[in-house]
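Since the structure comes first, as structure tokens, the remarks are kept for the end.
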Amino acid sequence: MIDDKTIFQRGEAIESRLRQLGDVSDTPGVPGIWRGMMSDADFRAKSLVRTWMEEAGLAVREDCFGNIYGRLEGQVSETILTGSHVDTVKDGGLYDGACGVVTAIEAVGALVKAGWKPYYSVEVVGFEEEEGSRFDLSYPGSHVIVGKLAEEELNICDEKGVCLKTLMEELGYDPKELPQADRRGQVKEFMELHVEQGAVLDREGLSVGLVENITGMMNFDVTISGEQNHAGATPMYLRKDPMVKMAEVILKATEAVKAISPTGVITFGEMELHPGLKNVIPGSVHCIIDLRDGNGPALLEEQAAVEAILEEACADGFGVEYRSYSYEPPVPMNSQLVDALEECAREAEIPYKRMNSGAGHDSMIIAWEIPTCMIFVPSVDGISHSPKEYTRPEDLSRGCEVLGRMLMKRADERTQPDR
Ligand SMILES: [Zn+2]
């Protein structure tokens with residue numbers, strides 16, 4: 001057992017490494033960075049990660065998909081895995097993904113330096129292409145480690161027509177080895193540290209969030225049609241304006257979601273008016289609704305409420321067509337692990353809260369197969385997927401401490417109740 005917990009005060013070191021990684025981009029010279037799968041920047045970033053893992057005393061390897069691992073051998077080969085993704089969105093910041101990889105290296109590195117000998121083996125992972133920013137796949141790196149990426153999915157091409165499978169083969173990554181990259185049965189637990197990407201922790205002055213659920217979501221495709229007519233010659237009482245009806249739907253649905261659940265969020269971010277001219281009352285309005293909630297039953301209740309509001313909108317002779325699609329239920333994190341994280345935060349006297357994640361993460365894919373938990377650190381002003389992403393070094397230190405304590409708790413044999 002390591003008694004000195006000041007070894008995890010690595011905020012400054014984490015920030016400095018994130019800055020070094022931030023200099024590695026496929027779009028140099030602009031503030032926003034981009035690292036897409038198997039690009040030049042991806043290789044340079046992973047070469048930095050490899051160096052840091054080796055310096056931390058870890059044995060480094062890559063799987064056939066380019067996920068990078070640093071391993072600390074324990075007394076048994078069963079493994080506690082921690083990390084996040086190395087890639088970024090286009091025009092992204094320094095913290096999304098990379099923060100979880102670098103913090104994990106720092107936490108494990110500090111433990112190794114202090115002479116820690118875990119019972120379980122411990123590995124740090126840097127996943128490939130979480131954002132799907134080069135190849136339009138969702139979370140392919142984490143799908144690979146739970147045996148859920150089929151070889152035929154590798155036939156996808158990027159914007160320039162480069163086929164992923166061909167690219168992999170050219171670079172020496174063998175698609176035939178996908179089955180060997182499946183870590184089910186070897187990895188006992190997975191824990192991911194990530195920036196919150198929302199403003200809750202920053203607003204509330206908290207350093208750490210313990211994720212209970214990763215949000216569920218669905219979309220609605222809605223078209224309301226009315227009567228296209230002249231904007232000047234049609235008096236108000238003779239109009240059938242679908243935009244006004246859409247505005248009613250927006251207000252009512254927003255109020256309904258707010259009333260049903262504090263964790264529900266509804267967004268009307270994509271809208272198109274036909275014909276879309278300033279002097280024409282539109283004939284129809286088309287809208288995509290994005291509805292999310294980390295609370296599964298509440299999400300279904302919100303869906304029913306939105307549908308009832310849309311049904312009601314037909315009443316005044318408007319045409320309303322809608323369908324809901326791409327339903328993904330919320331993904332719960334392992335409750336025992338969340339409790340263990342809470343103990344770590346309490347022992348460290350770090351201000352925390354239990355919360356849901358509004359964004360998707362690799363953890364969401366892994367959690368269906370391997371007990372999984374997530375630690376959030378604050379995003380200043382809630383900004384993410386932007387070059388303005390920032391997390392204070394003191395919060396990085398606290399996140400590192402919770403992760404470090406958690407690794408000791410879960411990988412140290414003396415804390416395993418079943419032994
Ligand atoms: Zn991320």
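Ligands are numbered from 1 in the order shown, chains are lettered A, B, ... in the order of the structure tokens, and residues start at 1 in each chain.
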
Exercise for the section: Set the cut-off to 9 Å, count only C-alpha atoms and all ligand atoms, and list whatever residues fall near ligand 1 as a list of chain:residue names. Expected result: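 Result of the 9 Å neighbour search around ligand 1: A:Ser84, A:His85, A:Val86, A:Asp87, A:Thr88, A:Val89, A:Tyr95, A:Asp96, A:Gly97, A:Ala98, A:Cys99, A:Gly100, A:Glu130, A:Glu131, A:His194, A:Val195, A:Gln197, A:Ala359, A:Gly360, A:His361, A:Asp362, A:His385.
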
Problem - Shell of 9 Å around A:Val306, only C-alpha atoms, local chain residues under 3 positions omitted, as JSON, numbers by chain - result: {"A": [249, 252, 253, 254, 256, 257, 301, 302, 303, 309, 310, 311]}

Just write the chosen residues, N, CA and C atoms, as an mmCIF file, in the first residue's frame.
```cif
data_model
loop_
_atom_site.group_PDB
_atom_site.id
_atom_site.type_symbol
_atom_site.label_atom_id
_atom_site.label_comp_id
_atom_site.auth_asym_id
_atom_site.auth_seq_id
_atom_site.Cartn_x
_atom_site.Cartn_y
_atom_site.Cartn_z
ATOM 1 N N VAL A 249 -44.842 23.909 -30.972
ATOM 2 C CA VAL A 249 -44.348 22.572 -30.633
ATOM 3 C C VAL A 249 -43.045 22.683 -29.829
ATOM 4 N N LYS A 252 -43.796 23.912 -26.240
ATOM 5 C CA LYS A 252 -44.504 22.904 -25.433
ATOM 6 C C LYS A 252 -43.599 21.717 -25.115
ATOM 7 N N ALA A 253 -42.842 21.248 -26.121
ATOM 8 C CA ALA A 253 -41.978 20.077 -25.895
ATOM 9 C C ALA A 253 -40.865 20.419 -24.907
ATOM 10 N N THR A 254 -40.336 21.637 -25.011
ATOM 11 C CA THR A 254 -39.285 22.062 -24.082
ATOM 12 C C THR A 254 -39.814 22.061 -22.647
ATOM 13 N N ALA A 256 -42.378 20.391 -21.519
ATOM 14 C CA ALA A 256 -42.722 19.019 -21.117
ATOM 15 C C ALA A 256 -41.479 18.280 -20.628
ATOM 16 N N VAL A 257 -40.374 18.385 -21.366
ATOM 17 C CA VAL A 257 -39.152 17.678 -20.968
ATOM 18 C C VAL A 257 -38.643 18.207 -19.630
ATOM 19 N N GLU A 301 -40.738 8.427 -21.289
ATOM 20 C CA GLU A 301 -41.859 9.308 -20.943
ATOM 21 C C GLU A 301 -41.781 10.609 -21.765
ATOM 22 N N GLU A 302 -40.561 11.111 -21.933
ATOM 23 C CA GLU A 302 -40.375 12.335 -22.730
ATOM 24 C C GLU A 302 -40.734 12.083 -24.196
ATOM 25 N N GLN A 303 -40.367 10.903 -24.687
ATOM 26 C CA GLN A 303 -40.725 10.552 -26.068
ATOM 27 C C GLN A 303 -42.244 10.594 -26.239
ATOM 28 N N ILE A 309 -47.643 15.918 -28.179
ATOM 29 C CA ILE A 309 -47.650 17.325 -28.614
ATOM 30 C C ILE A 309 -47.722 17.402 -30.146
ATOM 31 N N LEU A 310 -47.009 16.500 -30.815
ATOM 32 C CA LEU A 310 -47.039 16.486 -32.284
ATOM 33 C C LEU A 310 -48.422 16.060 -32.796
ATOM 34 N N GLU A 311 -49.051 15.090 -32.121
ATOM 35 C CA GLU A 311 -50.411 14.659 -32.499
ATOM 36 C C GLU A 311 -51.386 15.833 -32.375
#
```

Exercise for the section: Write out as a PyMOL selection string all residues of stretch 165-401 of chain A that backbone DSSP assigns to strand (DSSP E). Expected result: chain A and resi 187-195+208-214+216-225+229-230+265-274+280-281+284-293+319-328+331-332+352-357+372-377

Sorted per-residue table, stretch 145-214 of chain A near stretch 63-83 of chain A, closest atoms and distance, 6 Å, only C-alpha atoms, as a tab-separated table:
```
residue	atom	partner	partner_atom	distance
A:Tyr173	CA	A:Cys64	CA	4.9
A:Asp174	CA	A:Cys64	CA	5.6
A:Ala181	CA	A:Asp63	CA	5.9
A:Gln186	CA	A:Glu78	CA	5.2
A:Val187	CA	A:Thr79	CA	4.7
A:Lys188	CA	A:Thr79	CA	5.6
A:Glu189	CA	A:Ile80	CA	5.1
A:Phe190	CA	A:Leu81	CA	4.7
A:Met191	CA	A:Thr82	CA	4.8
A:Glu192	CA	A:Gly83	CA	5.3
```

Expected file: the selected residues, C-alpha atoms, as a short mmCIF file (atom, residue, chain, number, x, y, z; two decimals), in the first residue's frame:
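Saved as selection.cif:
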```
data_model
loop_
_atom_site.label_atom_id
_atom_site.label_comp_id
_atom_site.auth_asym_id
_atom_site.auth_seq_id
_atom_site.Cartn_x
_atom_site.Cartn_y
_atom_site.Cartn_z
CA TYR A 173 -1.78 -3.51 -39.19
CA ASP A 174 -3.37 -6.86 -40.02
CA ALA A 181 -7.55 -7.69 -30.16
CA GLN A 186 -8.67 -10.66 -19.87
CA VAL A 187 -9.81 -7.25 -18.66
CA LYS A 188 -11.53 -7.36 -15.29
CA GLU A 189 -12.54 -3.71 -15.04
CA PHE A 190 -12.22 -0.54 -17.10
CA MET A 191 -12.02 3.00 -15.72
CA GLU A 192 -11.89 6.13 -17.90
#
```

Exercise for the section: Taking the chain letters and numbering used in this document, name the residues of stretch 92-148 of chain A that DSSP puts in alpha helix (DSSP H), as a list of chain:residue names. Expected result: A:Ala98, A:Cys99, A:Gly100, A:Val101, A:Val102, A:Thr103, A:Ala104, A:Ile105, A:Glu106, A:Ala107, A:Val108, A:Gly109, A:Ala110, A:Leu111, A:Val112, A:Lys113, A:Pro140, A:Gly141, A:Ser142, A:His143, A:Val144, A:Ile145

Output file for the residues above (N, CA and C atoms, as a tab-separated table (two decimals), in the first residue's frame):
```
chain	number	residue	atom	x	y	z
A	98	ALA	N	-7.28	12.89	-24.74
A	98	ALA	CA	-5.87	12.87	-24.35
A	98	ALA	C	-5.69	13.01	-22.84
A	99	CYS	N	-6.57	13.79	-22.22
A	99	CYS	CA	-6.52	14.01	-20.77
A	99	CYS	C	-6.59	12.69	-20.00
A	100	GLY	N	-7.46	11.78	-20.46
A	100	GLY	CA	-7.61	10.49	-19.78
A	100	GLY	C	-6.42	9.57	-19.98
A	101	VAL	N	-5.79	9.69	-21.14
A	101	VAL	CA	-4.61	8.85	-21.43
A	101	VAL	C	-3.42	9.34	-20.61
A	102	VAL	N	-3.19	10.65	-20.67
A	102	VAL	CA	-2.02	11.22	-19.98
A	102	VAL	C	-2.16	11.09	-18.46
A	103	THR	N	-3.37	11.34	-17.94
A	103	THR	CA	-3.57	11.23	-16.49
A	103	THR	C	-3.35	9.79	-16.04
A	104	ALA	N	-3.82	8.84	-16.83
A	104	ALA	CA	-3.62	7.43	-16.47
A	104	ALA	C	-2.13	7.09	-16.44
A	105	ILE	N	-1.38	7.58	-17.43
A	105	ILE	CA	0.07	7.32	-17.45
A	105	ILE	C	0.72	7.93	-16.20
A	106	GLU	N	0.31	9.16	-15.86
A	106	GLU	CA	0.89	9.83	-14.68
A	106	GLU	C	0.55	9.08	-13.40
A	107	ALA	N	-0.70	8.64	-13.28
A	107	ALA	CA	-1.13	7.95	-12.05
A	107	ALA	C	-0.36	6.63	-11.89
A	108	VAL	N	-0.31	5.84	-12.96
A	108	VAL	CA	0.37	4.54	-12.89
A	108	VAL	C	1.88	4.77	-12.71
A	109	GLY	N	2.41	5.76	-13.44
A	109	GLY	CA	3.84	6.08	-13.34
A	109	GLY	C	4.22	6.45	-11.91
A	110	ALA	N	3.37	7.25	-11.25
A	110	ALA	CA	3.64	7.66	-9.86
A	110	ALA	C	3.64	6.44	-8.94
A	111	LEU	N	2.71	5.53	-9.18
A	111	LEU	CA	2.62	4.32	-8.36
A	111	LEU	C	3.86	3.42	-8.55
A	112	VAL	N	4.27	3.29	-9.81
A	112	VAL	CA	5.45	2.45	-10.10
A	112	VAL	C	6.68	3.04	-9.39
A	113	LYS	N	6.81	4.36	-9.50
A	113	LYS	CA	7.95	5.04	-8.90
A	113	LYS	C	7.96	4.85	-7.38
A	140	PRO	N	-14.85	2.93	-32.91
A	140	PRO	CA	-14.32	1.66	-33.41
A	140	PRO	C	-13.25	1.04	-32.52
A	141	GLY	N	-12.37	1.88	-31.91
A	141	GLY	CA	-11.29	1.34	-31.08
A	141	GLY	C	-11.82	0.53	-29.92
A	142	SER	N	-12.84	1.07	-29.23
A	142	SER	CA	-13.39	0.33	-28.10
A	142	SER	C	-14.25	-0.85	-28.57
A	143	HIS	N	-14.90	-0.70	-29.72
A	143	HIS	CA	-15.63	-1.86	-30.27
A	143	HIS	C	-14.66	-3.03	-30.51
A	144	VAL	N	-13.45	-2.70	-30.96
A	144	VAL	CA	-12.46	-3.75	-31.23
A	144	VAL	C	-12.16	-4.55	-29.95
A	145	ILE	N	-11.98	-3.84	-28.83
A	145	ILE	CA	-11.53	-4.58	-27.63
A	145	ILE	C	-12.65	-5.40	-26.99
```

Got a sec: who's within 12 Å of A:Gly399, counting only C-alpha atoms, leaving out chain neighbours fewer than 5 positions off, as a PDB file with C-alpha atoms, in the first residue's frame?
```
ATOM      1  CA  PHE A   8      -0.712  12.060  -7.537  1.00  0.00           C
ATOM      2  CA  GLN A   9      -0.272  15.855  -7.561  1.00  0.00           C
ATOM      3  CA  ARG A  10       0.623  15.690 -11.236  1.00  0.00           C
ATOM      4  CA  GLY A  11      -1.587  18.490 -12.628  1.00  0.00           C
ATOM      5  CA  ILE A  14      -0.315  16.463 -17.139  1.00  0.00           C
ATOM      6  CA  CYS A  99      -6.516  14.013 -20.772  1.00  0.00           C
ATOM      7  CA  GLY A 100      -7.612  10.493 -19.776  1.00  0.00           C
ATOM      8  CA  VAL A 102      -2.016  11.222 -19.980  1.00  0.00           C
ATOM      9  CA  THR A 103      -3.573  11.231 -16.494  1.00  0.00           C
ATOM     10  CA  ALA A 104      -3.625   7.430 -16.469  1.00  0.00           C
ATOM     11  CA  GLU A 106       0.888   9.833 -14.685  1.00  0.00           C
ATOM     12  CA  ALA A 107      -1.129   7.949 -12.048  1.00  0.00           C
ATOM     13  CA  GLU A 192     -11.895   6.126 -17.896  1.00  0.00           C
ATOM     14  CA  LEU A 193     -11.035   9.653 -16.814  1.00  0.00           C
ATOM     15  CA  HIS A 194     -12.430  12.291 -19.170  1.00  0.00           C
ATOM     16  CA  VAL A 195     -13.283  15.986 -19.267  1.00  0.00           C
ATOM     17  CA  GLU A 196     -16.950  16.624 -18.501  1.00  0.00           C
ATOM     18  CA  LEU A 206     -16.490  20.724  -7.916  1.00  0.00           C
ATOM     19  CA  SER A 207     -13.303  18.944  -8.975  1.00  0.00           C
ATOM     20  CA  VAL A 208     -14.601  15.507  -9.842  1.00  0.00           C
ATOM     21  CA  GLY A 209     -17.755  13.941 -11.302  1.00  0.00           C
ATOM     22  CA  LEU A 210     -18.602  10.275 -10.842  1.00  0.00           C
ATOM     23  CA  LEU A 341     -14.867   5.836  -6.777  1.00  0.00           C
ATOM     24  CA  CYS A 344     -11.802   7.322  -3.109  1.00  0.00           C
ATOM     25  CA  ALA A 345     -13.100  10.884  -3.509  1.00  0.00           C
ATOM     26  CA  ALA A 348      -9.112  12.218  -0.549  1.00  0.00           C
ATOM     27  CA  GLU A 349     -11.559  14.927   0.637  1.00  0.00           C
ATOM     28  CA  ILE A 350     -12.111  15.995  -2.934  1.00  0.00           C
ATOM     29  CA  PRO A 351     -15.427  17.728  -3.695  1.00  0.00           C
ATOM     30  CA  TYR A 352     -17.390  15.525  -6.112  1.00  0.00           C
ATOM     31  CA  MET A 374     -15.886   7.043 -15.440  1.00  0.00           C
ATOM     32  CA  ILE A 375     -14.318   9.990 -13.623  1.00  0.00           C
ATOM     33  CA  PHE A 376     -15.068  13.484 -14.939  1.00  0.00           C
ATOM     34  CA  VAL A 377     -12.878  16.517 -14.391  1.00  0.00           C
ATOM     35  CA  PRO A 378     -14.327  20.000 -14.985  1.00  0.00           C
ATOM     36  CA  THR A 391      -9.171  22.110 -17.283  1.00  0.00           C
ATOM     37  CA  ARG A 392      -7.219  23.645 -14.390  1.00  0.00           C
ATOM     38  CA  PRO A 393      -4.059  21.804 -13.278  1.00  0.00           C
ATOM     39  CA  GLU A 394      -5.377  21.560  -9.696  1.00  0.00           C
ATOM     40  CA  GLY A 404      -4.680   6.576  -8.529  1.00  0.00           C
ATOM     41  CA  ARG A 405      -6.533   5.653  -5.337  1.00  0.00           C
ATOM     42  CA  MET A 406      -9.041   3.679  -7.379  1.00  0.00           C
TER      43      MET A 406
END
```
